[in-house]
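J.: What follows is run-v5.txt, made up of compact mmCIF, C-alpha atoms:
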# COMPACT_ATOMS: atom_id res chain seq x y z
CA MET A 1 0.00 0.00 0.00
CA GLN A 2 2.78 2.44 0.93
CA PHE A 3 4.41 1.73 -2.43
CA LEU A 4 1.22 2.49 -4.34
CA LEU A 5 0.73 5.74 -2.40
CA ALA A 6 4.36 6.76 -3.05
CA PHE A 7 3.80 6.15 -6.76
CA VAL A 8 0.47 7.98 -6.98
CA ILE A 9 1.28 11.01 -4.79
CA GLY A 10 4.80 11.35 -6.22
CA GLY A 11 3.35 11.09 -9.72
CA ILE A 12 0.74 13.76 -9.02
CA ILE A 13 3.38 16.13 -7.60
CA CYS A 14 5.43 15.71 -10.81
CA ALA A 15 2.36 16.03 -13.07
CA ILE A 16 1.58 19.41 -11.46
CA GLY A 17 5.07 20.55 -12.47
CA GLN A 18 4.48 19.39 -16.04
CA LEU A 19 1.18 21.28 -16.24
CA PHE A 20 2.95 24.34 -14.91
CA MET A 21 5.60 24.04 -17.65
CA ASP A 22 3.16 23.38 -20.49
CA LEU A 23 0.46 25.88 -19.63
CA THR A 24 2.59 28.91 -18.74
CA ARG A 25 5.10 30.96 -20.70
CA THR A 26 7.75 28.98 -22.54
CA SER A 27 10.44 30.69 -20.48
CA VAL A 28 9.72 28.38 -17.52
CA THR A 29 12.89 26.26 -17.38
CA PRO A 30 13.74 23.25 -15.18
CA ALA A 31 15.62 25.70 -12.91
CA HIS A 32 12.43 27.71 -12.37
CA VAL A 33 10.52 24.51 -11.61
CA LEU A 34 13.09 23.31 -9.05
CA VAL A 35 13.32 26.72 -7.32
CA GLY A 36 9.52 26.88 -7.24
CA TYR A 37 9.18 23.41 -5.72
CA VAL A 38 11.71 24.06 -2.95
CA THR A 39 10.08 27.40 -2.07
CA VAL A 40 6.49 26.15 -2.16
CA GLY A 41 7.46 22.97 -0.28
CA ALA A 42 9.09 25.02 2.50
CA ILE A 43 6.07 27.34 2.80
CA LEU A 44 3.59 24.43 2.87
CA SER A 45 5.77 22.75 5.49
CA ALA A 46 5.84 25.87 7.68
CA LEU A 47 2.05 26.01 7.50
CA GLY A 48 1.93 22.39 8.70
CA LEU A 49 0.53 21.10 5.41
CA TYR A 50 3.48 19.03 4.15
CA GLN A 51 4.07 16.64 7.05
CA PRO A 52 0.64 14.97 6.59
CA LEU A 53 1.60 14.33 2.96
CA VAL A 54 4.89 12.73 4.07
CA ASN A 55 2.99 10.55 6.56
CA ILE A 56 0.72 9.31 3.79
CA ALA A 57 3.08 9.05 0.82
CA GLY A 58 6.56 8.53 2.32
CA ALA A 59 9.13 8.80 -0.47
CA GLY A 60 6.32 10.05 -2.76
CA ALA A 61 6.52 13.31 -0.81
CA THR A 62 10.19 13.38 0.24
CA ILE A 63 11.80 12.50 -3.13
CA PRO A 64 10.24 15.42 -5.08
CA LEU A 65 12.24 18.60 -4.41
CA SER A 66 9.37 20.03 -2.37
CA GLY A 67 10.53 17.48 0.24
CA PHE A 68 13.88 19.29 0.31
CA GLY A 69 12.00 22.50 1.11
CA HIS A 70 10.13 20.61 3.84
CA SER A 71 13.42 19.49 5.44
CA LEU A 72 14.79 23.06 5.27
CA ALA A 73 11.69 24.55 6.92
CA GLN A 74 11.36 21.90 9.64
CA GLY A 75 15.09 22.15 10.36
CA ALA A 76 14.83 25.92 10.87
CA ILE A 77 11.72 25.63 13.09
CA LYS A 78 13.16 22.85 15.29
CA ALA A 79 16.46 24.71 15.70
CA VAL A 80 14.63 27.88 16.79
CA GLN A 81 12.85 25.79 19.44
CA THR A 82 16.14 24.59 20.92
CA ARG A 83 18.55 27.45 20.23
CA GLY A 84 16.49 30.54 19.53
CA LEU A 85 17.48 33.12 16.94
CA LEU A 86 20.71 31.44 15.82
CA GLY A 87 18.69 28.35 14.95
CA ALA A 88 16.75 30.29 12.32
CA PHE A 89 19.99 30.66 10.36
CA ALA A 90 21.61 27.30 11.09
CA GLY A 91 18.68 24.88 11.27
CA GLY A 92 17.76 24.58 7.61
CA VAL A 93 21.24 23.82 6.35
CA GLU A 94 22.01 21.49 9.26
CA ALA A 95 18.95 19.39 8.51
CA THR A 96 19.83 19.10 4.81
CA ALA A 97 23.65 19.07 5.04
CA ALA A 98 24.00 15.36 4.22
CA GLY A 99 21.91 15.70 1.07
CA ILE A 100 23.67 18.85 -0.13
CA VAL A 101 27.17 17.43 0.38
CA ALA A 102 26.12 14.12 -1.19
CA ALA A 103 24.90 16.07 -4.22
CA VAL A 104 28.21 17.94 -4.52
CA VAL A 105 30.40 14.83 -3.99
CA PHE A 106 28.47 12.50 -6.31
CA GLY A 107 27.84 15.31 -8.81
CA TYR A 108 31.53 16.21 -8.91
CA ALA A 109 32.62 12.59 -9.30
CA ALA A 110 30.15 11.93 -12.13
CA ALA A 111 31.09 15.17 -13.95
CA VAL A 112 34.80 14.35 -13.78
CA LEU A 113 34.54 10.64 -14.60
CA PHE A 114 32.06 10.78 -17.47
CA ASN A 115 31.99 12.71 -20.73
CA PRO A 116 28.87 14.04 -22.44
CA ARG A 117 27.44 12.01 -25.32
CA SER A 118 27.46 13.36 -28.87
CA MET B 1 8.69 69.67 -44.29
CA THR B 2 9.99 68.39 -40.99
CA GLN B 3 6.45 68.07 -39.70
CA SER B 4 5.31 65.86 -42.57
CA GLN B 5 8.43 63.81 -42.17
CA GLY B 6 7.58 63.34 -38.52
CA GLN B 7 4.08 62.24 -39.48
CA GLY B 8 5.53 59.81 -41.98
CA ASN B 9 7.71 58.34 -39.28
CA VAL B 10 4.75 57.95 -36.96
CA GLN B 11 2.81 56.23 -39.71
CA GLN B 12 5.71 53.96 -40.48
CA GLN B 13 6.08 53.04 -36.83
CA LYS B 14 2.40 52.23 -36.63
CA MET B 15 2.62 50.04 -39.71
CA GLN B 16 5.58 48.24 -38.23
CA GLN B 17 3.71 47.69 -35.00
CA ASP B 18 0.75 46.28 -36.89
CA MET B 19 3.03 43.96 -38.81
CA GLN B 20 4.70 42.79 -35.61
CA GLN B 21 1.33 42.04 -34.08
CA GLU B 22 0.24 40.14 -37.18
CA TYR B 23 3.48 38.18 -37.05
CA LYS B 24 2.99 37.31 -33.39
CA GLN B 25 -0.53 36.07 -34.18
CA LEU B 26 0.84 34.02 -37.06
CA VAL B 27 3.51 32.43 -34.84
CA LYS B 28 0.88 31.67 -32.24
CA ASN B 29 -1.25 29.87 -34.82
CA VAL B 30 1.57 27.94 -36.46
CA LYS B 31 3.66 26.99 -33.39
CA PRO B 32 2.79 23.47 -32.26
CA ARG B 33 1.02 23.41 -28.91
CA PRO B 34 2.56 21.00 -26.42
CA PRO B 35 0.54 17.79 -26.13
CA VAL B 36 -0.47 18.69 -22.58
CA LEU B 37 -2.41 15.54 -21.69
CA LYS B 38 0.26 13.15 -22.99
CA ASN B 39 3.06 15.11 -21.27
CA THR B 40 1.17 15.17 -17.98
CA ILE B 41 0.48 11.43 -18.02
CA LEU B 42 4.12 10.70 -18.86
CA ALA B 43 5.30 13.04 -16.07
CA PHE B 44 2.93 11.25 -13.67
CA LEU B 45 4.21 7.78 -14.67
CA VAL B 46 7.92 8.62 -14.71
CA GLY B 47 7.78 10.76 -11.55
CA GLY B 48 5.66 8.14 -9.82
CA ALA B 49 8.06 5.37 -10.80
CA ILE B 50 11.05 7.31 -9.42
CA CYS B 51 9.20 7.90 -6.13
CA PHE B 52 8.18 4.23 -6.03
CA PHE B 53 11.84 3.29 -6.36
CA GLY B 54 12.69 5.76 -3.59
CA GLN B 55 10.07 4.14 -1.37
CA LEU B 56 11.65 0.75 -2.08
CA ILE B 57 15.07 2.01 -0.94
CA LEU B 58 13.50 3.65 2.13
CA TRP B 59 11.77 0.37 3.02
CA LEU B 60 14.98 -1.65 2.59
CA LEU B 61 16.98 0.80 4.76
CA LYS B 62 14.33 0.76 7.49
CA LYS B 63 14.39 -3.05 7.39
CA GLN B 64 18.14 -2.79 8.07
CA GLY B 65 17.21 -1.04 11.31
CA LEU B 66 17.78 2.61 10.40
CA GLY B 67 15.63 5.21 12.15
CA ASP B 68 13.04 7.25 10.23
CA LYS B 69 15.25 10.32 9.85
CA GLU B 70 18.45 8.47 8.99
CA ALA B 71 16.61 6.27 6.51
CA ALA B 72 15.06 9.31 4.78
CA ALA B 73 18.43 11.09 4.53
CA ALA B 74 20.18 7.94 3.26
CA THR B 75 17.40 7.43 0.69
CA ALA B 76 17.86 10.99 -0.60
CA ALA B 77 21.65 10.48 -0.84
CA THR B 78 21.18 7.16 -2.66
CA MET B 79 18.77 8.73 -5.15
CA VAL B 80 21.23 11.60 -5.73
CA PHE B 81 23.96 9.03 -6.38
CA LEU B 82 21.78 7.14 -8.88
CA GLY B 83 20.71 10.37 -10.60
CA ALA B 84 24.34 11.47 -10.98
CA LEU B 85 25.43 8.04 -12.25
CA LEU B 86 22.60 7.75 -14.79
CA THR B 87 23.33 11.29 -16.02
CA GLY B 88 26.99 10.38 -16.51
CA LEU B 89 26.02 7.25 -18.43
CA GLY B 90 23.67 9.29 -20.65
CA VAL B 91 20.63 7.32 -19.49
CA TYR B 92 18.95 10.17 -17.62
CA ASP B 93 18.71 12.22 -20.83
CA VAL B 94 16.54 9.48 -22.30
CA ILE B 95 14.35 9.37 -19.19
CA GLY B 96 14.07 13.17 -19.33
CA LYS B 97 13.04 13.14 -22.99
CA TYR B 98 9.87 11.26 -22.09
CA GLY B 99 9.38 12.13 -18.45
CA GLY B 100 9.57 15.93 -18.64
CA ALA B 101 8.80 17.32 -15.19
CA GLY B 102 8.56 13.71 -13.96
CA SER B 103 12.33 13.53 -14.32
CA ILE B 104 13.02 17.13 -13.19
CA VAL B 105 11.04 17.40 -9.94
CA PRO B 106 12.42 14.32 -8.09
CA ILE B 107 15.78 14.69 -6.35
CA THR B 108 17.35 12.60 -9.16
CA GLY B 109 16.52 15.53 -11.46
CA PHE B 110 18.32 17.85 -9.06
CA ALA B 111 21.37 15.56 -9.35
CA ASN B 112 20.99 15.64 -13.13
CA SER B 113 20.95 19.46 -13.10
CA ILE B 114 24.24 19.39 -11.16
CA VAL B 115 26.10 16.85 -13.29
CA ALA B 116 24.96 17.78 -16.82
CA PRO B 117 26.35 21.36 -17.06
CA ALA B 118 29.50 20.47 -15.07
CA MET B 119 30.25 17.59 -17.45
CA GLU B 120 29.49 19.77 -20.49
CA PHE B 121 31.86 22.59 -19.49
CA LYS B 122 34.67 20.44 -18.10
CA ARG B 123 37.09 21.82 -20.69
CA GLU B 124 36.84 25.24 -19.06
CA GLY B 125 38.83 23.83 -16.17
CA PHE B 126 38.23 22.43 -12.73
CA VAL B 127 37.42 25.78 -11.10
CA PHE B 128 35.31 27.72 -13.61
CA GLY B 129 34.29 24.61 -15.54
CA VAL B 130 33.32 21.84 -13.15
CA GLY B 131 33.38 23.84 -9.91
CA ALA B 132 31.20 26.73 -11.06
CA ARG B 133 28.88 24.83 -13.41
CA LEU B 134 27.93 22.31 -10.73
CA PHE B 135 25.86 25.15 -9.30
CA THR B 136 24.23 26.45 -12.49
CA VAL B 137 20.83 25.21 -11.28
CA ALA B 138 21.72 24.00 -7.78
CA GLY B 139 22.93 27.54 -6.92
CA PRO B 140 19.54 29.25 -7.37
CA VAL B 141 17.80 26.29 -5.69
CA LEU B 142 20.05 26.59 -2.61
CA VAL B 143 19.83 30.41 -2.56
CA TYR B 144 16.04 30.42 -2.47
CA GLY B 145 15.90 27.36 -0.24
CA PHE B 146 18.20 28.95 2.36
CA LEU B 147 16.41 32.31 2.09
CA VAL B 148 12.96 30.87 2.66
CA SER B 149 14.21 28.60 5.46
CA ALA B 150 15.80 31.57 7.29
CA VAL B 151 12.67 33.69 6.81
CA ILE B 152 10.48 30.86 8.15
CA GLY B 153 12.83 30.45 11.14
CA LEU B 154 12.74 34.20 11.85
CA ILE B 155 8.95 34.40 11.59
CA TYR B 156 8.62 31.36 13.87
CA TYR B 157 11.04 33.00 16.33
CA LEU B 158 8.88 36.15 16.42
CA ILE B 159 5.46 34.53 16.74
CA ARG B 160 6.06 31.50 18.92
Could the structure of this file be written out as structure tokens, please?

T.:
Amino acid sequence: MQFLLAFVIGGIICAIGQLFMDLTRTSVTPAHVLVGYVTVGAILSALGLYQPLVNIAGAGATIPLSGFGHSLAQGAIKAVQTRGLLGAFAGGVEATAAGIVAAVVFGYAAAVLFNPRS
Amino acid sequence: MTQSQGQGNVQQQKMQQDMQQEYKQLVKNVKPRPPVLKNTILAFLVGGAICFFGQLILWLLKKQGLGDKEAAAATAATMVFLGALLTGLGVYDVIGKYGGAGSIVPITGFANSIVAPAMEFKREGFVFGVGARLFTVAGPVLVYGFLVSAVIGLIYYLIR
């Protein structure tokens, strides 16, 4: 059941992005989509609307980049609870540090090891 | 003399504007509209499949005894690794051709956006080629992600 929900909810989240790309100006690039997903995901998370989605869909909600925004927002909020003002600045990056560094390390290795086709 | 010339210019400008508008209309009519329904279904299937695979990894890691948080972080890192690897092998381009946003929105698409430009501009060197181009798309994503996370933290600090 959790696999089906991950598929369906994750699929819907991606389909919304496709509709956004097809039905708006042609100048909407993948970069705009990714920035939009992180921002909207963080805002939804701060309003308490994203965690329920994660509870239902698991990876279907955390694998789309809106899940990255969710981690950033929750990290900032939790750090403010424990450390006050400094947490607002540190919390988001701390919560997502592993993912960001993994992206840089694996991204760097792949870019150096492989060459583009054609 | 100068006045009539001025009028002529105005008329010419107006004609040009009319022509431009006509041209825009023509382009609008001739340009193929994206097959929205087909694209959306493909994005749903490809994006759903990637998330399904993520759920499978999450499930396997939890079965190994990892906690919820650690398992989620390790799943994200694994998906980033796979996205980077498939981009290097040229496979992710093929997935992206069909999947559209279904291949962009998942974290594997984020990995793809890091590897593809860095690989492409490798000849510009390891600092301005690989080093800078890694962040062509990831840079804006992190900038806005950090900004919004700090703003949320500050607002929460003020209202709690």

J.: Edge lengths and centre in Å to one decimal, as AutoDock Vina command-line options, is what I'm after for the box along x, y and z that holds all listed atoms of range 136-144 of chain B once 4 Å is added on each side.

T.:
--center_x 20.1 --center_y 27.2 --center_z -7.5 --size_x 16.2 --size_y 14.4 --size_z 18.0

J.: So what do you get for CA of Ala73 in chain B versus CA of Leu56 in chain B, distance-wise?

T.: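 We find that CA of Ala73 in chain B and CA of Leu56 in chain B lie 14.0 Å from each other.
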
J.: If we count only C-alpha atoms, what is near range 17-28 of chain A at a cut-off of 9 Å, once residues fewer than 6 positions away on the same chain are taken out, given as a ChimeraX atom specification?

T.: /A:37 /B:33-37,39-40,43-44,100-102,104-105

J.: Please tell me which residues are no farther than 10 Å from (22.0, 28.4, -13.1) in the file, counting all atoms listed in the file, and write them as a PyMOL selection string.

T.: (chain A and resi 30-32) or (chain B and resi 113-114+117+132-141)

J.: Contacts of range 59-65 of chain A at 9 Å or less, counting all atoms listed in the file, minus same-chain residues fewer than 3 places along, as a PDB file with C-alpha atoms, in the frame of the given file?

T.:
ATOM      1  CA  PHE A   3       4.410   1.730  -2.430  1.00  0.00           C
ATOM      2  CA  LEU A   5       0.730   5.740  -2.400  1.00  0.00           C
ATOM      3  CA  ALA A   6       4.360   6.760  -3.050  1.00  0.00           C
ATOM      4  CA  PHE A   7       3.800   6.150  -6.760  1.00  0.00           C
ATOM      5  CA  VAL A   8       0.470   7.980  -6.980  1.00  0.00           C
ATOM      6  CA  ILE A   9       1.280  11.010  -4.790  1.00  0.00           C
ATOM      7  CA  GLY A  10       4.800  11.350  -6.220  1.00  0.00           C
ATOM      8  CA  GLY A  11       3.350  11.090  -9.720  1.00  0.00           C
ATOM      9  CA  ILE A  13       3.380  16.130  -7.600  1.00  0.00           C
ATOM     10  CA  CYS A  14       5.430  15.710 -10.810  1.00  0.00           C
ATOM     11  CA  LEU A  34      13.090  23.310  -9.050  1.00  0.00           C
ATOM     12  CA  VAL A  35      13.320  26.720  -7.320  1.00  0.00           C
ATOM     13  CA  TYR A  37       9.180  23.410  -5.720  1.00  0.00           C
ATOM     14  CA  VAL A  38      11.710  24.060  -2.950  1.00  0.00           C
ATOM     15  CA  GLY A  41       7.460  22.970  -0.280  1.00  0.00           C
ATOM     16  CA  TYR A  50       3.480  19.030   4.150  1.00  0.00           C
ATOM     17  CA  GLN A  51       4.070  16.640   7.050  1.00  0.00           C
ATOM     18  CA  LEU A  53       1.600  14.330   2.960  1.00  0.00           C
ATOM     19  CA  VAL A  54       4.890  12.730   4.070  1.00  0.00           C
ATOM     20  CA  ASN A  55       2.990  10.550   6.560  1.00  0.00           C
ATOM     21  CA  ILE A  56       0.720   9.310   3.790  1.00  0.00           C
ATOM     22  CA  PHE A  68      13.880  19.290   0.310  1.00  0.00           C
ATOM     23  CA  GLY A  69      12.000  22.500   1.110  1.00  0.00           C
ATOM     24  CA  HIS A  70      10.130  20.610   3.840  1.00  0.00           C
ATOM     25  CA  SER A  71      13.420  19.490   5.440  1.00  0.00           C
TER      26      SER A  71
ATOM     27  CA  GLY B  47       7.780  10.760 -11.550  1.00  0.00           C
ATOM     28  CA  GLY B  48       5.660   8.140  -9.820  1.00  0.00           C
ATOM     29  CA  ILE B  50      11.050   7.310  -9.420  1.00  0.00           C
ATOM     30  CA  CYS B  51       9.200   7.900  -6.130  1.00  0.00           C
ATOM     31  CA  PHE B  52       8.180   4.230  -6.030  1.00  0.00           C
ATOM     32  CA  PHE B  53      11.840   3.290  -6.360  1.00  0.00           C
ATOM     33  CA  GLY B  54      12.690   5.760  -3.590  1.00  0.00           C
ATOM     34  CA  GLN B  55      10.070   4.140  -1.370  1.00  0.00           C
ATOM     35  CA  LEU B  56      11.650   0.750  -2.080  1.00  0.00           C
ATOM     36  CA  LEU B  58      13.500   3.650   2.130  1.00  0.00           C
ATOM     37  CA  ALA B  72      15.060   9.310   4.780  1.00  0.00           C
ATOM     38  CA  THR B  75      17.400   7.430   0.690  1.00  0.00           C
ATOM     39  CA  ALA B  76      17.860  10.990  -0.600  1.00  0.00           C
ATOM     40  CA  MET B  79      18.770   8.730  -5.150  1.00  0.00           C
ATOM     41  CA  ILE B 104      13.020  17.130 -13.190  1.00  0.00           C
ATOM     42  CA  VAL B 105      11.040  17.400  -9.940  1.00  0.00           C
ATOM     43  CA  PRO B 106      12.420  14.320  -8.090  1.00  0.00           C
ATOM     44  CA  ILE B 107      15.780  14.690  -6.350  1.00  0.00           C
ATOM     45  CA  THR B 108      17.350  12.600  -9.160  1.00  0.00           C
ATOM     46  CA  GLY B 109      16.520  15.530 -11.460  1.00  0.00           C
ATOM     47  CA  PHE B 110      18.320  17.850  -9.060  1.00  0.00           C
TER      48      PHE B 110
END

J.: Which of these, B:Gly88, B:Gly145, B:Gly67, B:Gly153, has the shortest distance to Val40 in chain A once you count only C-alpha atoms?

T.: B:Gly145

J.: For the atom pair CA of Gly131 in chain B and CA of Ala118 in chain B, what is the interatomic distance in Å to one decimal place?

T.: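 One can read the CA of Gly131 in chain B to CA of Ala118 in chain B distance as 7.3 Å.
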
J.: Report, in Å with one decimal, the straight-line distance from CA of Leu82 in chain B to CA of Leu44 in chain A.

T.: 27.7 Å

J.: Between A:Ala97, A:Leu47, A:Ala111, A:Leu4, which one has atoms that come closest to chain B, using all atoms listed in the file?

T.: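 Closest residue, counting all atoms listed in the file: A:Ala111.
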
J.: Measuring atom to atom with only C-alpha atoms, identify which of B:Val127, B:Ala77, B:Leu147, B:Ile57 is nearest to chain A.

T.: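 With only C-alpha atoms as the atom set, the closest residue is B:Ala77.
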
J.: Taking 2 positions as the minimum chain separation for residues in the same chain, which residues sit within 7 Å of Gly83 in chain B when counting all atoms listed in the file? Answer as a list in words.

T.: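 Neighbouring residues, sequence-local ones excluded: Met79, Val80, Phe81, Leu85, Leu86, Thr87, Thr108, Gly109, Ala111 and Asn112 of chain B.
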
J.: Give the answer as one residue: which of A:Ala88, A:Ile100, A:Leu49, A:Ala109 has the shortest atom-to-atom distance to chain B, using only C-alpha atoms?

T.: A:Ala88

J.: For each of B:Ala71, B:Leu45, B:Leu66, B:Val27, take the minimum atom-to-atom distance to chain A, counting only C-alpha atoms, then give the residue where this is smallest.

T.: B:Leu45

J.: Which of these residues is nearest to chain A, using only C-alpha atoms: B:Leu158, B:Val115, B:Gln11, B:Val143?

T.: B:Val115

J.: Could I get range 55-81 of chain B rebuilt with N, CA and C atoms, written as a PDB file, in the frame of the given file?

T.:
ATOM      1  N   GLN B  55      10.771   4.796  -2.479  1.00  0.00           N
ATOM      2  CA  GLN B  55      10.070   4.140  -1.370  1.00  0.00           C
ATOM      3  C   GLN B  55      10.656   2.752  -1.115  1.00  0.00           C
ATOM      4  N   LEU B  56      11.035   2.076  -2.198  1.00  0.00           N
ATOM      5  CA  LEU B  56      11.650   0.750  -2.080  1.00  0.00           C
ATOM      6  C   LEU B  56      12.962   0.831  -1.310  1.00  0.00           C
ATOM      7  N   ILE B  57      13.791   1.826  -1.646  1.00  0.00           N
ATOM      8  CA  ILE B  57      15.070   2.010  -0.940  1.00  0.00           C
ATOM      9  C   ILE B  57      14.816   2.354   0.521  1.00  0.00           C
ATOM     10  N   LEU B  58      13.853   3.246   0.764  1.00  0.00           N
ATOM     11  CA  LEU B  58      13.500   3.650   2.130  1.00  0.00           C
ATOM     12  C   LEU B  58      13.087   2.428   2.953  1.00  0.00           C
ATOM     13  N   TRP B  59      12.270   1.577   2.355  1.00  0.00           N
ATOM     14  CA  TRP B  59      11.770   0.370   3.020  1.00  0.00           C
ATOM     15  C   TRP B  59      12.917  -0.580   3.353  1.00  0.00           C
ATOM     16  N   LEU B  60      13.823  -0.758   2.381  1.00  0.00           N
ATOM     17  CA  LEU B  60      14.980  -1.650   2.590  1.00  0.00           C
ATOM     18  C   LEU B  60      15.874  -1.120   3.717  1.00  0.00           C
ATOM     19  N   LEU B  61      16.114   0.207   3.731  1.00  0.00           N
ATOM     20  CA  LEU B  61      16.980   0.800   4.760  1.00  0.00           C
ATOM     21  C   LEU B  61      16.344   0.681   6.135  1.00  0.00           C
ATOM     22  N   LYS B  62      15.019   0.879   6.195  1.00  0.00           N
ATOM     23  CA  LYS B  62      14.330   0.760   7.490  1.00  0.00           C
ATOM     24  C   LYS B  62      14.377  -0.683   7.968  1.00  0.00           C
ATOM     25  N   LYS B  63      14.303  -1.630   7.036  1.00  0.00           N
ATOM     26  CA  LYS B  63      14.390  -3.050   7.390  1.00  0.00           C
ATOM     27  C   LYS B  63      15.765  -3.378   7.976  1.00  0.00           C
ATOM     28  N   GLN B  64      16.787  -2.609   7.539  1.00  0.00           N
ATOM     29  CA  GLN B  64      18.140  -2.790   8.070  1.00  0.00           C
ATOM     30  C   GLN B  64      18.276  -2.225   9.480  1.00  0.00           C
ATOM     31  N   GLY B  65      17.214  -1.550   9.950  1.00  0.00           N
ATOM     32  CA  GLY B  65      17.210  -1.040  11.310  1.00  0.00           C
ATOM     33  C   GLY B  65      17.530   0.435  11.440  1.00  0.00           C
ATOM     34  N   LEU B  66      17.552   1.168  10.321  1.00  0.00           N
ATOM     35  CA  LEU B  66      17.780   2.610  10.400  1.00  0.00           C
ATOM     36  C   LEU B  66      16.531   3.319  10.917  1.00  0.00           C
ATOM     37  N   GLY B  67      16.751   4.409  11.671  1.00  0.00           N
ATOM     38  CA  GLY B  67      15.630   5.210  12.150  1.00  0.00           C
ATOM     39  C   GLY B  67      14.989   5.974  11.009  1.00  0.00           C
ATOM     40  N   ASP B  68      13.796   6.547  11.276  1.00  0.00           N
ATOM     41  CA  ASP B  68      13.040   7.250  10.230  1.00  0.00           C
ATOM     42  C   ASP B  68      13.875   8.325   9.557  1.00  0.00           C
ATOM     43  N   LYS B  69      14.510   9.170  10.387  1.00  0.00           N
ATOM     44  CA  LYS B  69      15.250  10.320   9.850  1.00  0.00           C
ATOM     45  C   LYS B  69      16.472   9.884   9.060  1.00  0.00           C
ATOM     46  N   GLU B  70      17.232   8.947   9.657  1.00  0.00           N
ATOM     47  CA  GLU B  70      18.450   8.470   8.990  1.00  0.00           C
ATOM     48  C   GLU B  70      18.084   7.786   7.668  1.00  0.00           C
ATOM     49  N   ALA B  71      17.013   6.984   7.718  1.00  0.00           N
ATOM     50  CA  ALA B  71      16.610   6.270   6.510  1.00  0.00           C
ATOM     51  C   ALA B  71      16.210   7.249   5.408  1.00  0.00           C
ATOM     52  N   ALA B  72      15.486   8.321   5.777  1.00  0.00           N
ATOM     53  CA  ALA B  72      15.060   9.310   4.780  1.00  0.00           C
ATOM     54  C   ALA B  72      16.268  10.018   4.164  1.00  0.00           C
ATOM     55  N   ALA B  73      17.244  10.388   5.023  1.00  0.00           N
ATOM     56  CA  ALA B  73      18.430  11.090   4.530  1.00  0.00           C
ATOM     57  C   ALA B  73      19.263  10.168   3.631  1.00  0.00           C
ATOM     58  N   ALA B  74      19.403   8.898   4.057  1.00  0.00           N
ATOM     59  CA  ALA B  74      20.180   7.940   3.260  1.00  0.00           C
ATOM     60  C   ALA B  74      19.489   7.657   1.930  1.00  0.00           C
ATOM     61  N   THR B  75      18.146   7.629   1.936  1.00  0.00           N
ATOM     62  CA  THR B  75      17.400   7.430   0.690  1.00  0.00           C
ATOM     63  C   THR B  75      17.671   8.579  -0.275  1.00  0.00           C
ATOM     64  N   ALA B  76      17.616   9.822   0.245  1.00  0.00           N
ATOM     65  CA  ALA B  76      17.860  10.990  -0.600  1.00  0.00           C
ATOM     66  C   ALA B  76      19.271  10.916  -1.197  1.00  0.00           C
ATOM     67  N   ALA B  77      20.265  10.561  -0.357  1.00  0.00           N
ATOM     68  CA  ALA B  77      21.650  10.480  -0.840  1.00  0.00           C
ATOM     69  C   ALA B  77      21.783   9.396  -1.908  1.00  0.00           C
ATOM     70  N   THR B  78      21.124   8.247  -1.688  1.00  0.00           N
ATOM     71  CA  THR B  78      21.180   7.160  -2.660  1.00  0.00           C
ATOM     72  C   THR B  78      20.574   7.589  -3.996  1.00  0.00           C
ATOM     73  N   MET B  79      19.431   8.280  -3.922  1.00  0.00           N
ATOM     74  CA  MET B  79      18.770   8.730  -5.150  1.00  0.00           C
ATOM     75  C   MET B  79      19.635   9.762  -5.885  1.00  0.00           C
ATOM     76  N   VAL B  80      20.312  10.631  -5.126  1.00  0.00           N
ATOM     77  CA  VAL B  80      21.230  11.600  -5.730  1.00  0.00           C
ATOM     78  C   VAL B  80      22.359  10.863  -6.449  1.00  0.00           C
ATOM     79  N   PHE B  81      22.901   9.822  -5.785  1.00  0.00           N
ATOM     80  CA  PHE B  81      23.960   9.030  -6.380  1.00  0.00           C
ATOM     81  C   PHE B  81      23.492   8.412  -7.698  1.00  0.00           C
TER      82      PHE B  81
END
